[in-house]
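Since the structure comes first, as structure tokens, the remarks are kept for the end.
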Amino acid sequence: MYYPNFGSFTHCKIGIKMIKNTRSESINLNNKRVFSPFCIYKLFKINEMSEKVYIFDTTLRDGEQVPGCKLNTKEKLALSVRLEELGVDILEAGFPVSSPGDFDSVNQIAKTLKNTVICGLTRAVQKDIEVAAQALKPAARFRIHTGIGTSDLHIKYKFNSTREAIIERAVQAVKMARNFTDDVEFYAEDAGRTDNVYLAQVIEAVVKAGATTLNIPDTTGYCLPYQYQEKMAYLWNNVHNIHKAVLSCHCHNDLGLATANSIAGVMGGARQIECTINGLGERAGNTALEEVVMILNQHKDLGYYTSINPKLLNPISREVSDVMRMAVQPNKAIVGSNAFSHSSGIHQDGFLKEAQTYEIINPAEVGAEDSKIVLTARSGRSALAHRLHKLGYDFNRNDIDALYALFVNVADKKKEVVESDLQTMAAAYQTTMVSQ
Ligand code: KIV
Ligand code: ZN
């Protein structure tokens, strides 16, 4: 039995072995790891063996479906340019049949972008497919994303149909889409709750009909990571023509597992992740692009890479948040305002001695502002001295001890001690010292 991730497991073992070796040969210099030429050679070897995971961005489709996040054509076009700069491989620009406005947005994006594959969503309906093809026609490269619900729940309640009839509709939709492009992605909606044996039959039939990417959505965010991984591996092992297509993860976040499930899906054999900036999307959202990209980036030993430029992650997160008027939660990984803030004394002391003690990512790597030392009642003397030093005060240890007593009194009354509080405290302390 062939496992698509067998190679990756092998790479993983080799990678871990290499990293183990390289660690002992690297030193830390100014928060950067510096490697010997031999280490660099070995890391290069890991990269050489890595496999690409395609990033399919659906901020402008699944993300834009969120109430309050609707964008006009001008806004969508501006964001699509940013997404291309970020390096997404496929950009789902919209659902062209849904409204004349969305048709126009997809059409304008198709006319403007040069390198990215532009994708349009359809149902397994002839009109949807024809309208999508028309909207996408000007693109240098385009993909039609068509599909249908495959879980028994969808078949019974949405379609009042049968498993056999759904396979037939899926096959017809893929064949119709293939009349317009060689790049057809099929989604099996609610695949997360679809019986694997039946799902494999659907997938085999649509690959035979010409689908080149197979989206396995966990539409309701129900799966556990091991289940989603097993689902992908099951398809890889049981669909005889699966090697002709790319398996894709599309995970929703109803149980907070979208990111974990997408990574598990890749480990099970998928090579595309569908995701959105800031994890925007229906209900609890979709997989956050910035999270999966940084997981694959940080865990190189897994053996995967993406084409995303991580330095643009924070700028694009802010832009999406502004234009969609959707605030990013402060503790959001990678792009939240607290993602690189340290406020407890224990963490601050360690961080000020060596950043890597409490940070696995250098904020500059993801285009974030410098790490912050936030002063609260839980902060310690090192943090206070550090912040005062940044304001130009050069107090000795005894001064800091005295100032710390003043500081905790203020901090107990306030959520955060800010620059102006420190100035007041330092000035008051200096006055007392002069008058003594
Ligand atoms: O979540 C989902 O199943 C979808 C499909 C329409 C791809 O967004
Ligand atoms: Zn979705």
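A note on labels: chains of the structure tokens are A, B, ... as shown, every chain counts residues from 1, and ligands are counted from 1 in their shown order.
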
Residues flagged helix (DSSP H, G or I) by DSSP in stretch 186-338 of chain A, as a PyMOL selection string: chain A and resi 191-193+196-209+225-238+242-244+258-267+277-279+289-298+300-302+310-324

Wanna dump the chain A-ligand 2 contacts at 10 Å for me, each residue with its shortest atom pair and the distance in Å to one decimal, counting only C-alpha atoms and all ligand atoms, ordered by chain and number, as CSV?
residue,atom,partner,partner_atom_place_in_ligand_line,distance
A:Thr58,CA,ligand 2,1 (Zn),8.5
A:Arg61,CA,ligand 2,1 (Zn),8.8
A:Asp62,CA,ligand 2,1 (Zn),5.6
A:Gly63,CA,ligand 2,1 (Zn),8.6
A:Gln65,CA,ligand 2,1 (Zn),9.5
A:Tyr187,CA,ligand 2,1 (Zn),9.8
A:Glu189,CA,ligand 2,1 (Zn),8.4
A:Asp190,CA,ligand 2,1 (Zn),9.3
A:Pro217,CA,ligand 2,1 (Zn),6.8
A:Asp218,CA,ligand 2,1 (Zn),7.9
A:Thr219,CA,ligand 2,1 (Zn),5.6
A:Thr220,CA,ligand 2,1 (Zn),8.4
A:Gly221,CA,ligand 2,1 (Zn),9.4
A:His250,CA,ligand 2,1 (Zn),6.5
A:Cys251,CA,ligand 2,1 (Zn),6.9
A:His252,CA,ligand 2,1 (Zn),6.4
A:Asn253,CA,ligand 2,1 (Zn),9.8
A:Glu274,CA,ligand 2,1 (Zn),8.6
A:Cys275,CA,ligand 2,1 (Zn),9.0
A:Gly281,CA,ligand 2,1 (Zn),7.1
A:Glu282,CA,ligand 2,1 (Zn),6.8
A:Arg283,CA,ligand 2,1 (Zn),9.8
A:Gly285,CA,ligand 2,1 (Zn),8.3
A:Asn286,CA,ligand 2,1 (Zn),6.7
A:Thr287,CA,ligand 2,1 (Zn),9.5

Among listed residues A:Leu289, A:Val206, A:Ile166, A:Cys119, nearest ligand 1 (using only C-alpha atoms and all ligand atoms): A:Cys119

Contact residues around A:Asp183 with only C-alpha atoms at 10 Å, ignoring same-chain residues under 6 positions, as number ranges by chain: A: 117, 119, 141-145, 177, 210-213

Keeping only N, CA and C atoms, write the selected residues to a file as an mmCIF file, in the first residue's frame.
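Written file, out_36.cif:
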data_model
loop_
_atom_site.group_PDB
_atom_site.id
_atom_site.type_symbol
_atom_site.label_atom_id
_atom_site.label_comp_id
_atom_site.auth_asym_id
_atom_site.auth_seq_id
_atom_site.Cartn_x
_atom_site.Cartn_y
_atom_site.Cartn_z
ATOM 1 N N VAL A 117 -3.443 31.718 -10.369
ATOM 2 C CA VAL A 117 -4.590 31.043 -10.995
ATOM 3 C C VAL A 117 -5.849 31.644 -10.371
ATOM 4 N N CYS A 119 -9.796 31.633 -9.602
ATOM 5 C CA CYS A 119 -10.798 30.584 -9.482
ATOM 6 C C CYS A 119 -12.184 31.179 -9.202
ATOM 7 N N ARG A 141 -4.594 32.313 -16.386
ATOM 8 C CA ARG A 141 -4.877 30.909 -16.019
ATOM 9 C C ARG A 141 -6.084 30.913 -15.101
ATOM 10 N N PHE A 142 -7.070 30.075 -15.357
ATOM 11 C CA PHE A 142 -8.214 30.051 -14.446
ATOM 12 C C PHE A 142 -8.673 28.635 -14.107
ATOM 13 N N ARG A 143 -9.376 28.559 -12.997
ATOM 14 C CA ARG A 143 -9.883 27.273 -12.500
ATOM 15 C C ARG A 143 -11.370 27.414 -12.196
ATOM 16 N N ILE A 144 -12.137 26.401 -12.574
ATOM 17 C CA ILE A 144 -13.549 26.358 -12.161
ATOM 18 C C ILE A 144 -13.662 25.403 -10.977
ATOM 19 N N HIS A 145 -14.310 25.895 -9.931
ATOM 20 C CA HIS A 145 -14.459 25.135 -8.687
ATOM 21 C C HIS A 145 -15.933 24.743 -8.578
ATOM 22 N N ALA A 177 -17.557 21.645 -16.842
ATOM 23 C CA ALA A 177 -16.486 22.603 -16.538
ATOM 24 C C ALA A 177 -15.267 22.350 -17.420
ATOM 25 N N GLY A 210 -12.494 14.137 -15.198
ATOM 26 C CA GLY A 210 -11.545 15.204 -15.529
ATOM 27 C C GLY A 210 -11.197 16.186 -14.419
ATOM 28 N N ALA A 211 -11.632 15.922 -13.184
ATOM 29 C CA ALA A 211 -11.267 16.849 -12.088
ATOM 30 C C ALA A 211 -9.774 16.727 -11.804
ATOM 31 N N THR A 212 -9.115 17.877 -11.612
ATOM 32 C CA THR A 212 -7.662 17.850 -11.392
ATOM 33 C C THR A 212 -7.290 18.206 -9.952
ATOM 34 N N THR A 213 -8.240 18.801 -9.210
ATOM 35 C CA THR A 213 -8.038 19.041 -7.773
ATOM 36 C C THR A 213 -9.291 18.569 -7.063
#

Shell around A:Gly345 at 9 Å using only C-alpha atoms, local window under 2 positions removed, as a list in words: His342, Ser343, His347, Gln348, Asp349, Gly350, Leu375, Thr376, Ala377, Arg378, Ser379, Gly380, Arg381, Ser382 and Ala383 of chain A

Selection export as a PDB file, in the first residue's frame, atoms kept: N, CA and C atoms:
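Output file out-v2.pdb is given in full below:
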ATOM      1  N   HIS A 342       4.938  40.742  25.640  1.00  0.00           N
ATOM      2  CA  HIS A 342       5.265  39.964  26.850  1.00  0.00           C
ATOM      3  C   HIS A 342       4.889  40.810  28.052  1.00  0.00           C
ATOM      4  N   SER A 343       4.089  40.224  28.961  1.00  0.00           N
ATOM      5  CA  SER A 343       3.650  41.067  30.075  1.00  0.00           C
ATOM      6  C   SER A 343       3.931  40.470  31.451  1.00  0.00           C
ATOM      7  N   HIS A 347       8.306  35.878  32.046  1.00  0.00           N
ATOM      8  CA  HIS A 347       8.550  35.867  30.593  1.00  0.00           C
ATOM      9  C   HIS A 347       9.422  37.046  30.178  1.00  0.00           C
ATOM     10  N   GLN A 348       9.122  38.222  30.740  1.00  0.00           N
ATOM     11  CA  GLN A 348       9.867  39.425  30.334  1.00  0.00           C
ATOM     12  C   GLN A 348      11.350  39.276  30.655  1.00  0.00           C
ATOM     13  N   ASP A 349      11.629  38.745  31.856  1.00  0.00           N
ATOM     14  CA  ASP A 349      13.022  38.602  32.260  1.00  0.00           C
ATOM     15  C   ASP A 349      13.752  37.667  31.285  1.00  0.00           C
ATOM     16  N   GLY A 350      13.135  36.535  30.978  1.00  0.00           N
ATOM     17  CA  GLY A 350      13.752  35.584  30.046  1.00  0.00           C
ATOM     18  C   GLY A 350      13.903  36.197  28.664  1.00  0.00           C
ATOM     19  N   LEU A 375       3.848  46.722  30.433  1.00  0.00           N
ATOM     20  CA  LEU A 375       3.965  46.798  31.900  1.00  0.00           C
ATOM     21  C   LEU A 375       2.598  46.669  32.569  1.00  0.00           C
ATOM     22  N   THR A 376       2.476  45.629  33.376  1.00  0.00           N
ATOM     23  CA  THR A 376       1.248  45.434  34.159  1.00  0.00           C
ATOM     24  C   THR A 376       1.693  45.085  35.586  1.00  0.00           C
ATOM     25  N   ALA A 377       0.695  44.859  36.453  1.00  0.00           N
ATOM     26  CA  ALA A 377       1.032  44.520  37.841  1.00  0.00           C
ATOM     27  C   ALA A 377       1.776  43.183  37.929  1.00  0.00           C
ATOM     28  N   ARG A 378       1.807  42.418  36.848  1.00  0.00           N
ATOM     29  CA  ARG A 378       2.530  41.128  36.856  1.00  0.00           C
ATOM     30  C   ARG A 378       3.953  41.276  36.335  1.00  0.00           C
ATOM     31  N   SER A 379       4.333  42.509  35.952  1.00  0.00           N
ATOM     32  CA  SER A 379       5.675  42.704  35.390  1.00  0.00           C
ATOM     33  C   SER A 379       6.722  42.791  36.487  1.00  0.00           C
ATOM     34  N   GLY A 380       7.974  42.579  36.098  1.00  0.00           N
ATOM     35  CA  GLY A 380       9.054  42.587  37.091  1.00  0.00           C
ATOM     36  C   GLY A 380      10.007  43.755  36.906  1.00  0.00           C
ATOM     37  N   ARG A 381      11.070  43.734  37.691  1.00  0.00           N
ATOM     38  CA  ARG A 381      12.042  44.839  37.680  1.00  0.00           C
ATOM     39  C   ARG A 381      12.766  44.958  36.336  1.00  0.00           C
ATOM     40  N   SER A 382      13.119  43.806  35.712  1.00  0.00           N
ATOM     41  CA  SER A 382      13.880  43.903  34.445  1.00  0.00           C
ATOM     42  C   SER A 382      13.066  44.633  33.398  1.00  0.00           C
ATOM     43  N   ALA A 383      11.762  44.336  33.378  1.00  0.00           N
ATOM     44  CA  ALA A 383      10.906  44.986  32.380  1.00  0.00           C
ATOM     45  C   ALA A 383      10.817  46.478  32.669  1.00  0.00           C
TER      46      ALA A 383
END

Stretch 308-320 of chain A environment, 8 Å, only C-alpha atoms, sequence neighbours closer than 4 positions dropped, as an MDAnalysis selection string: chainID A and resid 55 79 82:83 86:88 277:278 290 293:294 324:326 334:335 364:368

Please, could you write that set of residues out with N, CA and C atoms as a PDB file, in the first residue's frame?
ATOM      1  N   ILE A  55      -1.122  27.030  -1.851  1.00  0.00           N
ATOM      2  CA  ILE A  55      -2.004  27.858  -1.019  1.00  0.00           C
ATOM      3  C   ILE A  55      -3.114  28.426  -1.904  1.00  0.00           C
ATOM      4  N   LEU A  79      -7.479  44.123  -3.019  1.00  0.00           N
ATOM      5  CA  LEU A  79      -6.997  43.016  -2.174  1.00  0.00           C
ATOM      6  C   LEU A  79      -6.393  41.887  -3.008  1.00  0.00           C
ATOM      7  N   ARG A  82      -2.834  42.505  -3.654  1.00  0.00           N
ATOM      8  CA  ARG A  82      -2.027  42.218  -2.441  1.00  0.00           C
ATOM      9  C   ARG A  82      -1.838  40.705  -2.262  1.00  0.00           C
ATOM     10  N   LEU A  83      -2.907  39.958  -2.549  1.00  0.00           N
ATOM     11  CA  LEU A  83      -2.809  38.499  -2.374  1.00  0.00           C
ATOM     12  C   LEU A  83      -1.835  37.897  -3.384  1.00  0.00           C
ATOM     13  N   LEU A  86       1.528  38.568  -2.089  1.00  0.00           N
ATOM     14  CA  LEU A  86       1.805  37.666  -0.957  1.00  0.00           C
ATOM     15  C   LEU A  86       2.313  36.314  -1.455  1.00  0.00           C
ATOM     16  N   GLY A  87       1.867  35.907  -2.636  1.00  0.00           N
ATOM     17  CA  GLY A  87       2.357  34.652  -3.225  1.00  0.00           C
ATOM     18  C   GLY A  87       1.359  33.516  -3.215  1.00  0.00           C
ATOM     19  N   VAL A  88       0.056  33.830  -3.100  1.00  0.00           N
ATOM     20  CA  VAL A  88      -0.905  32.713  -3.121  1.00  0.00           C
ATOM     21  C   VAL A  88      -0.865  32.062  -4.506  1.00  0.00           C
ATOM     22  N   ILE A 277      -7.196  34.977   4.950  1.00  0.00           N
ATOM     23  CA  ILE A 277      -6.439  35.878   5.818  1.00  0.00           C
ATOM     24  C   ILE A 277      -7.250  36.093   7.102  1.00  0.00           C
ATOM     25  N   ASN A 278      -6.582  36.039   8.219  1.00  0.00           N
ATOM     26  CA  ASN A 278      -7.185  36.214   9.559  1.00  0.00           C
ATOM     27  C   ASN A 278      -8.203  35.116   9.882  1.00  0.00           C
ATOM     28  N   GLU A 290      -2.215  32.609   7.532  1.00  0.00           N
ATOM     29  CA  GLU A 290      -0.968  32.929   8.224  1.00  0.00           C
ATOM     30  C   GLU A 290      -0.530  31.809   9.162  1.00  0.00           C
ATOM     31  N   VAL A 293       0.766  28.628   7.005  1.00  0.00           N
ATOM     32  CA  VAL A 293       2.041  28.956   6.355  1.00  0.00           C
ATOM     33  C   VAL A 293       3.171  28.945   7.387  1.00  0.00           C
ATOM     34  N   MET A 294       2.921  29.547   8.539  1.00  0.00           N
ATOM     35  CA  MET A 294       3.996  29.608   9.547  1.00  0.00           C
ATOM     36  C   MET A 294       4.243  28.259  10.211  1.00  0.00           C
ATOM     37  N   MET A 324     -12.479  45.017   5.543  1.00  0.00           N
ATOM     38  CA  MET A 324     -13.678  44.214   5.864  1.00  0.00           C
ATOM     39  C   MET A 324     -14.309  44.638   7.188  1.00  0.00           C
ATOM     40  N   ARG A 325     -13.695  45.618   7.821  1.00  0.00           N
ATOM     41  CA  ARG A 325     -14.189  46.129   9.114  1.00  0.00           C
ATOM     42  C   ARG A 325     -14.402  44.982  10.104  1.00  0.00           C
ATOM     43  N   MET A 326     -13.405  44.133  10.176  1.00  0.00           N
ATOM     44  CA  MET A 326     -13.473  42.953  11.051  1.00  0.00           C
ATOM     45  C   MET A 326     -12.192  42.912  11.879  1.00  0.00           C
ATOM     46  N   ILE A 334       0.251  34.837  15.124  1.00  0.00           N
ATOM     47  CA  ILE A 334       0.984  35.492  14.025  1.00  0.00           C
ATOM     48  C   ILE A 334       0.587  36.951  13.793  1.00  0.00           C
ATOM     49  N   VAL A 335      -0.708  37.266  13.767  1.00  0.00           N
ATOM     50  CA  VAL A 335      -1.122  38.616  13.367  1.00  0.00           C
ATOM     51  C   VAL A 335      -1.877  39.396  14.456  1.00  0.00           C
ATOM     52  N   ALA A 364       9.908  40.317  12.903  1.00  0.00           N
ATOM     53  CA  ALA A 364      10.268  40.878  11.590  1.00  0.00           C
ATOM     54  C   ALA A 364      10.021  39.860  10.479  1.00  0.00           C
ATOM     55  N   GLU A 365      10.150  38.577  10.813  1.00  0.00           N
ATOM     56  CA  GLU A 365       9.944  37.503   9.825  1.00  0.00           C
ATOM     57  C   GLU A 365       8.537  37.504   9.244  1.00  0.00           C
ATOM     58  N   VAL A 366       7.569  37.980  10.048  1.00  0.00           N
ATOM     59  CA  VAL A 366       6.171  37.966   9.580  1.00  0.00           C
ATOM     60  C   VAL A 366       5.638  39.395   9.424  1.00  0.00           C
ATOM     61  N   GLY A 367       6.588  40.339   9.319  1.00  0.00           N
ATOM     62  CA  GLY A 367       6.203  41.732   9.085  1.00  0.00           C
ATOM     63  C   GLY A 367       5.451  42.381  10.229  1.00  0.00           C
ATOM     64  N   ALA A 368       5.678  41.891  11.452  1.00  0.00           N
ATOM     65  CA  ALA A 368       5.000  42.505  12.607  1.00  0.00           C
ATOM     66  C   ALA A 368       5.915  43.559  13.230  1.00  0.00           C
TER      67      ALA A 368
END
